[in-house]
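Trainee: Dropping a structure here in structure tokens format, bear with me for questions.
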Amino acid sequence: LLHVAVAVMKLRPLVVHVDAGWNSEIAVKNIEELTSALNLDLYTYVVDWEEMRDLQLAFLRSSVANQDTPQDHVFFAKLYEYAVKNNIKYVLTGSNLTSESILPKSWGYSASDRTQIISIHKKFGQKKLRTFPTAGFFRRNIYWPYIKKMEIISPLNYMNYNKNLAIEFLEKKYGWKYYGGKHHESKWTKFFQCHYLPTKFGYDKRRAHLSSMIVAKQIARSDAISELDKPLYNQIELLEDKKYVSKKLGIDLLQLEELLRLPNRTYKDYANEESIHAFMKKIKKCIYFL
């Protein structure tokens, strides 16, 4: 996305990185290499770790599927907040249909739901979220898009984007390093996608990611099936990651295993904004037909 923004779109973007405490060393190096090579200004916001840790533990105790909600929510809440603060109306995102167009709704729930976050934290959290950036329904759906007139642009959807070719290009031109899997730039997301979800809920996100690439004709179905035959983790690496996660969260391995064995819950077990979104869809539909 950065390369396209500068080399193709001829823009000089302000790069915003939200550090939620789970960055891999490779991810940090990649950010430094690209922003330096493209001579771009980089603003990094570091989330208060004690608050982030407390919220992540609260979500583990809630036992819902989408354990990436604390990270994903703060990423976009702070990104959009910073854009508005600096009077920037256009935000570029690397989101693209060719590599992430397919994902079953039953596999998780929207990370944008502030009501859900507050509900889960109120029930299971132990520390007040004094500085943790959040974005409620009004800010996301009315204030930012209609009052501040901010637009979210996905440039990769307007070009012949091929994920595998993009990786080869970045490695050759910028010395970018691959971190081993989709979203494995975050140590937490790697653990969540490769162990928590498949072990606890039976969801292997590779099926969705590879399906998107099959539909986009970027990988053959037979190759995707071969990829799925590979283990998500080898046992030595899994143990090391469990040790890292438990230490980072301030608990021991036994406590982590106990949290992973809690009865599965769904987002519907906690307060959420689903009914508000359904109502807004009906309103928009009525307006459209008028």
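The chains in the structure tokens are called A, B, ... from first to last as shown; in each chain the residues are counted from 1, and the ligands are counted from 1 in the order shown.
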Could you pull out the helix (DSSP H, G or I) residues of region 159-287 of chain A from DSSP and send them as a CSV table (one decimal) with C-alpha atoms, in the first residue's frame?
Mentor:
chain,number,residue,atom,x,y,z
A,163,LYS,CA,-0.5,-10.9,-3.0
A,164,ASN,CA,2.3,-13.4,-3.9
A,165,LEU,CA,3.8,-11.1,-6.5
A,166,ALA,CA,3.5,-8.2,-4.1
A,167,ILE,CA,5.5,-10.1,-1.5
A,168,GLU,CA,8.3,-10.9,-4.1
A,169,PHE,CA,8.4,-7.3,-5.2
A,170,LEU,CA,8.7,-5.9,-1.6
A,171,GLU,CA,11.4,-8.4,-0.7
A,172,LYS,CA,13.5,-7.4,-3.7
A,173,LYS,CA,12.9,-3.7,-3.7
A,174,TYR,CA,12.7,-2.9,0.0
A,187,LYS,CA,2.5,-12.4,17.8
A,188,TRP,CA,-0.9,-12.4,19.4
A,189,THR,CA,-2.8,-12.8,16.1
A,190,LYS,CA,-0.6,-15.7,15.1
A,191,PHE,CA,-1.4,-17.5,18.4
A,192,PHE,CA,-5.1,-16.6,18.1
A,193,GLN,CA,-5.5,-17.7,14.5
A,194,CYS,CA,-3.2,-20.8,14.6
A,195,HIS,CA,-4.1,-22.2,18.0
A,196,TYR,CA,-7.0,-20.5,19.8
A,197,LEU,CA,-9.5,-20.5,17.0
A,198,PRO,CA,-8.9,-23.9,15.5
A,199,THR,CA,-8.4,-25.7,18.8
A,200,LYS,CA,-11.3,-24.1,20.7
A,201,PHE,CA,-13.8,-23.4,17.9
A,205,LYS,CA,-8.8,-19.1,9.0
A,206,ARG,CA,-6.5,-20.4,6.2
A,207,ARG,CA,-9.6,-21.9,4.6
A,208,ALA,CA,-11.2,-18.4,4.2
A,209,HIS,CA,-7.9,-16.7,3.1
A,210,LEU,CA,-7.1,-19.4,0.6
A,211,SER,CA,-10.7,-19.4,-0.7
A,212,SER,CA,-10.4,-15.7,-1.4
A,213,MET,CA,-7.3,-16.3,-3.5
A,214,ILE,CA,-8.9,-19.2,-5.3
A,215,VAL,CA,-11.8,-17.0,-6.3
A,221,ARG,CA,-7.6,-25.3,-5.4
A,222,SER,CA,-5.3,-28.3,-5.3
A,223,ASP,CA,-2.5,-26.0,-4.0
A,224,ALA,CA,-4.8,-24.6,-1.4
A,225,ILE,CA,-5.7,-28.1,-0.2
A,226,SER,CA,-2.0,-29.0,0.0
A,227,GLU,CA,-1.5,-25.9,2.1
A,228,LEU,CA,-4.2,-26.9,4.5
A,235,GLN,CA,4.7,-28.4,19.0
A,236,ILE,CA,8.1,-26.8,19.9
A,237,GLU,CA,7.0,-23.5,18.4
A,238,LEU,CA,3.6,-23.7,20.0
A,239,LEU,CA,5.1,-24.2,23.4
A,240,GLU,CA,7.4,-21.2,22.9
A,241,ASP,CA,4.5,-19.0,21.8
A,242,LYS,CA,2.4,-20.1,24.7
A,243,LYS,CA,5.3,-19.2,27.1
A,244,TYR,CA,5.6,-15.8,25.4
A,245,VAL,CA,1.9,-15.1,25.5
A,246,SER,CA,1.4,-16.1,29.1
A,247,LYS,CA,4.5,-14.1,30.2
A,248,LYS,CA,3.3,-11.1,28.3
A,249,LEU,CA,-0.1,-11.3,29.9
A,253,LEU,CA,1.1,-21.4,31.5
A,254,LEU,CA,-1.4,-23.3,33.7
A,255,GLN,CA,-3.6,-20.2,33.9
A,256,LEU,CA,-3.5,-19.7,30.1
A,257,GLU,CA,-4.5,-23.3,29.5
A,258,GLU,CA,-7.4,-22.9,32.0
A,259,LEU,CA,-8.6,-19.8,30.1
A,260,LEU,CA,-8.4,-21.7,26.8
A,267,TYR,CA,-20.9,-12.3,21.0
A,268,LYS,CA,-24.6,-12.6,21.7
A,269,ASP,CA,-23.9,-13.5,25.3
A,274,GLU,CA,-26.2,-5.6,16.4
A,275,SER,CA,-29.8,-4.4,16.8
A,276,ILE,CA,-28.7,-0.7,16.1
A,277,HIS,CA,-26.9,-1.8,12.9
A,278,ALA,CA,-30.0,-3.7,11.8
A,279,PHE,CA,-32.2,-0.7,12.4
A,280,MET,CA,-29.8,1.6,10.5
A,281,LYS,CA,-29.9,-0.8,7.6
A,282,LYS,CA,-33.7,-0.6,7.4
A,283,ILE,CA,-33.5,3.2,7.6
A,284,LYS,CA,-31.0,3.4,4.7
A,285,LYS,CA,-33.1,1.0,2.7
A,286,CYS,CA,-36.2,3.2,3.2
A,287,ILE,CA,-34.2,6.3,2.2
Trainee: From the options A:Tyr45, A:Trp107, A:Tyr270, A:Tyr146, which residue's atoms come nearest to Tyr203 (chain A), counting only C-alpha atoms?
Mentor: A:Trp107
Trainee: Could you pull the residues within 12 Å of Lys122 (chain A), counting only C-alpha atoms, minus those fewer than 3 positions along the same chain, as a PDB file with N, CA, C and O atoms, in the first residue's frame?
Mentor:
ATOM      1  N   ASP A  54      -5.026  -5.892  30.323  1.00  0.00           N
ATOM      2  CA  ASP A  54      -6.239  -6.149  31.098  1.00  0.00           C
ATOM      3  C   ASP A  54      -7.429  -6.437  30.191  1.00  0.00           C
ATOM      4  O   ASP A  54      -8.237  -7.340  30.469  1.00  0.00           O
ATOM      5  N   LEU A  55      -7.518  -5.707  29.090  1.00  0.00           N
ATOM      6  CA  LEU A  55      -8.621  -5.929  28.151  1.00  0.00           C
ATOM      7  C   LEU A  55      -8.464  -7.262  27.429  1.00  0.00           C
ATOM      8  O   LEU A  55      -9.448  -7.983  27.210  1.00  0.00           O
ATOM      9  N   ALA A  58      -9.528  -9.903  29.720  1.00  0.00           N
ATOM     10  CA  ALA A  58     -10.985  -9.877  29.854  1.00  0.00           C
ATOM     11  C   ALA A  58     -11.630 -10.627  28.691  1.00  0.00           C
ATOM     12  O   ALA A  58     -12.593 -11.381  28.884  1.00  0.00           O
ATOM     13  N   PHE A  59     -11.096 -10.440  27.494  1.00  0.00           N
ATOM     14  CA  PHE A  59     -11.645 -11.142  26.326  1.00  0.00           C
ATOM     15  C   PHE A  59     -11.386 -12.642  26.411  1.00  0.00           C
ATOM     16  O   PHE A  59     -12.237 -13.445  26.016  1.00  0.00           O
ATOM     17  N   ARG A  61     -11.270 -14.320  29.151  1.00  0.00           N
ATOM     18  CA  ARG A  61     -12.243 -14.796  30.144  1.00  0.00           C
ATOM     19  C   ARG A  61     -13.656 -14.834  29.561  1.00  0.00           C
ATOM     20  O   ARG A  61     -14.479 -15.636  29.992  1.00  0.00           O
ATOM     21  N   SER A  62     -13.935 -13.960  28.591  1.00  0.00           N
ATOM     22  CA  SER A  62     -15.262 -13.934  27.966  1.00  0.00           C
ATOM     23  C   SER A  62     -15.480 -15.154  27.083  1.00  0.00           C
ATOM     24  O   SER A  62     -16.608 -15.531  26.789  1.00  0.00           O
ATOM     25  N   THR A 115     -19.648  -1.132  22.256  1.00  0.00           N
ATOM     26  CA  THR A 115     -20.550  -1.608  23.303  1.00  0.00           C
ATOM     27  C   THR A 115     -20.137  -2.985  23.800  1.00  0.00           C
ATOM     28  O   THR A 115     -20.149  -3.267  25.000  1.00  0.00           O
ATOM     29  N   GLN A 116     -19.738  -3.859  22.862  1.00  0.00           N
ATOM     30  CA  GLN A 116     -19.288  -5.196  23.219  1.00  0.00           C
ATOM     31  C   GLN A 116     -18.015  -5.139  24.060  1.00  0.00           C
ATOM     32  O   GLN A 116     -17.872  -5.845  25.062  1.00  0.00           O
ATOM     33  N   ILE A 117     -17.089  -4.298  23.660  1.00  0.00           N
ATOM     34  CA  ILE A 117     -15.822  -4.164  24.375  1.00  0.00           C
ATOM     35  C   ILE A 117     -16.052  -3.697  25.805  1.00  0.00           C
ATOM     36  O   ILE A 117     -15.510  -4.270  26.764  1.00  0.00           O
ATOM     37  N   ILE A 118     -16.866  -2.658  25.955  1.00  0.00           N
ATOM     38  CA  ILE A 118     -17.154  -2.123  27.292  1.00  0.00           C
ATOM     39  C   ILE A 118     -17.875  -3.160  28.151  1.00  0.00           C
ATOM     40  O   ILE A 118     -17.602  -3.309  29.347  1.00  0.00           O
ATOM     41  N   SER A 119     -18.800  -3.904  27.541  1.00  0.00           N
ATOM     42  CA  SER A 119     -19.561  -4.923  28.261  1.00  0.00           C
ATOM     43  C   SER A 119     -18.654  -6.026  28.791  1.00  0.00           C
ATOM     44  O   SER A 119     -18.746  -6.423  29.963  1.00  0.00           O
ATOM     45  N   GLY A 125     -12.866  -7.353  33.335  1.00  0.00           N
ATOM     46  CA  GLY A 125     -11.663  -6.540  33.508  1.00  0.00           C
ATOM     47  C   GLY A 125     -11.412  -6.165  34.952  1.00  0.00           C
ATOM     48  O   GLY A 125     -12.308  -6.235  35.797  1.00  0.00           O
ATOM     49  N   GLN A 126     -10.188  -5.750  35.233  1.00  0.00           N
ATOM     50  CA  GLN A 126      -9.820  -5.387  36.601  1.00  0.00           C
ATOM     51  C   GLN A 126      -9.198  -3.997  36.691  1.00  0.00           C
ATOM     52  O   GLN A 126      -8.974  -3.479  37.776  1.00  0.00           O
ATOM     53  N   LYS A 127      -8.931  -3.393  35.542  1.00  0.00           N
ATOM     54  CA  LYS A 127      -8.262  -2.094  35.521  1.00  0.00           C
ATOM     55  C   LYS A 127      -9.063  -1.134  34.636  1.00  0.00           C
ATOM     56  O   LYS A 127      -9.570  -1.540  33.593  1.00  0.00           O
ATOM     57  N   LYS A 128      -9.196   0.105  35.035  1.00  0.00           N
ATOM     58  CA  LYS A 128      -9.960   1.066  34.246  1.00  0.00           C
ATOM     59  C   LYS A 128      -9.241   1.387  32.945  1.00  0.00           C
ATOM     60  O   LYS A 128      -8.015   1.530  32.914  1.00  0.00           O
ATOM     61  N   LEU A 129     -10.013   1.512  31.869  1.00  0.00           N
ATOM     62  CA  LEU A 129      -9.449   1.880  30.568  1.00  0.00           C
ATOM     63  C   LEU A 129      -9.467   3.407  30.455  1.00  0.00           C
ATOM     64  O   LEU A 129     -10.355   4.000  29.846  1.00  0.00           O
ATOM     65  N   TYR A 270     -23.111 -11.189  25.263  1.00  0.00           N
ATOM     66  CA  TYR A 270     -22.733  -9.912  25.861  1.00  0.00           C
ATOM     67  C   TYR A 270     -23.422  -8.777  25.104  1.00  0.00           C
ATOM     68  O   TYR A 270     -23.827  -8.936  23.951  1.00  0.00           O
ATOM     69  N   ALA A 271     -23.549  -7.633  25.760  1.00  0.00           N
ATOM     70  CA  ALA A 271     -24.183  -6.477  25.128  1.00  0.00           C
ATOM     71  C   ALA A 271     -23.468  -6.145  23.825  1.00  0.00           C
ATOM     72  O   ALA A 271     -22.245  -6.254  23.725  1.00  0.00           O
TER      73      ALA A 271
END
Trainee: Excluding same-chain residues fewer than 5 positions from Val4 (chain A), what lies within 12 Å of it counting only C-alpha atoms, as a list in words?
Mentor: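 Returned residues: Met9, Lys10, Leu11, Arg12, Pro13, Leu34, Leu38, Leu92, Thr93, Gly94, Ser154, Pro155, Leu156, Asn157, Tyr158, Met159, Asn160, Tyr161, Ala166, Phe169 and Leu170 of chain A.
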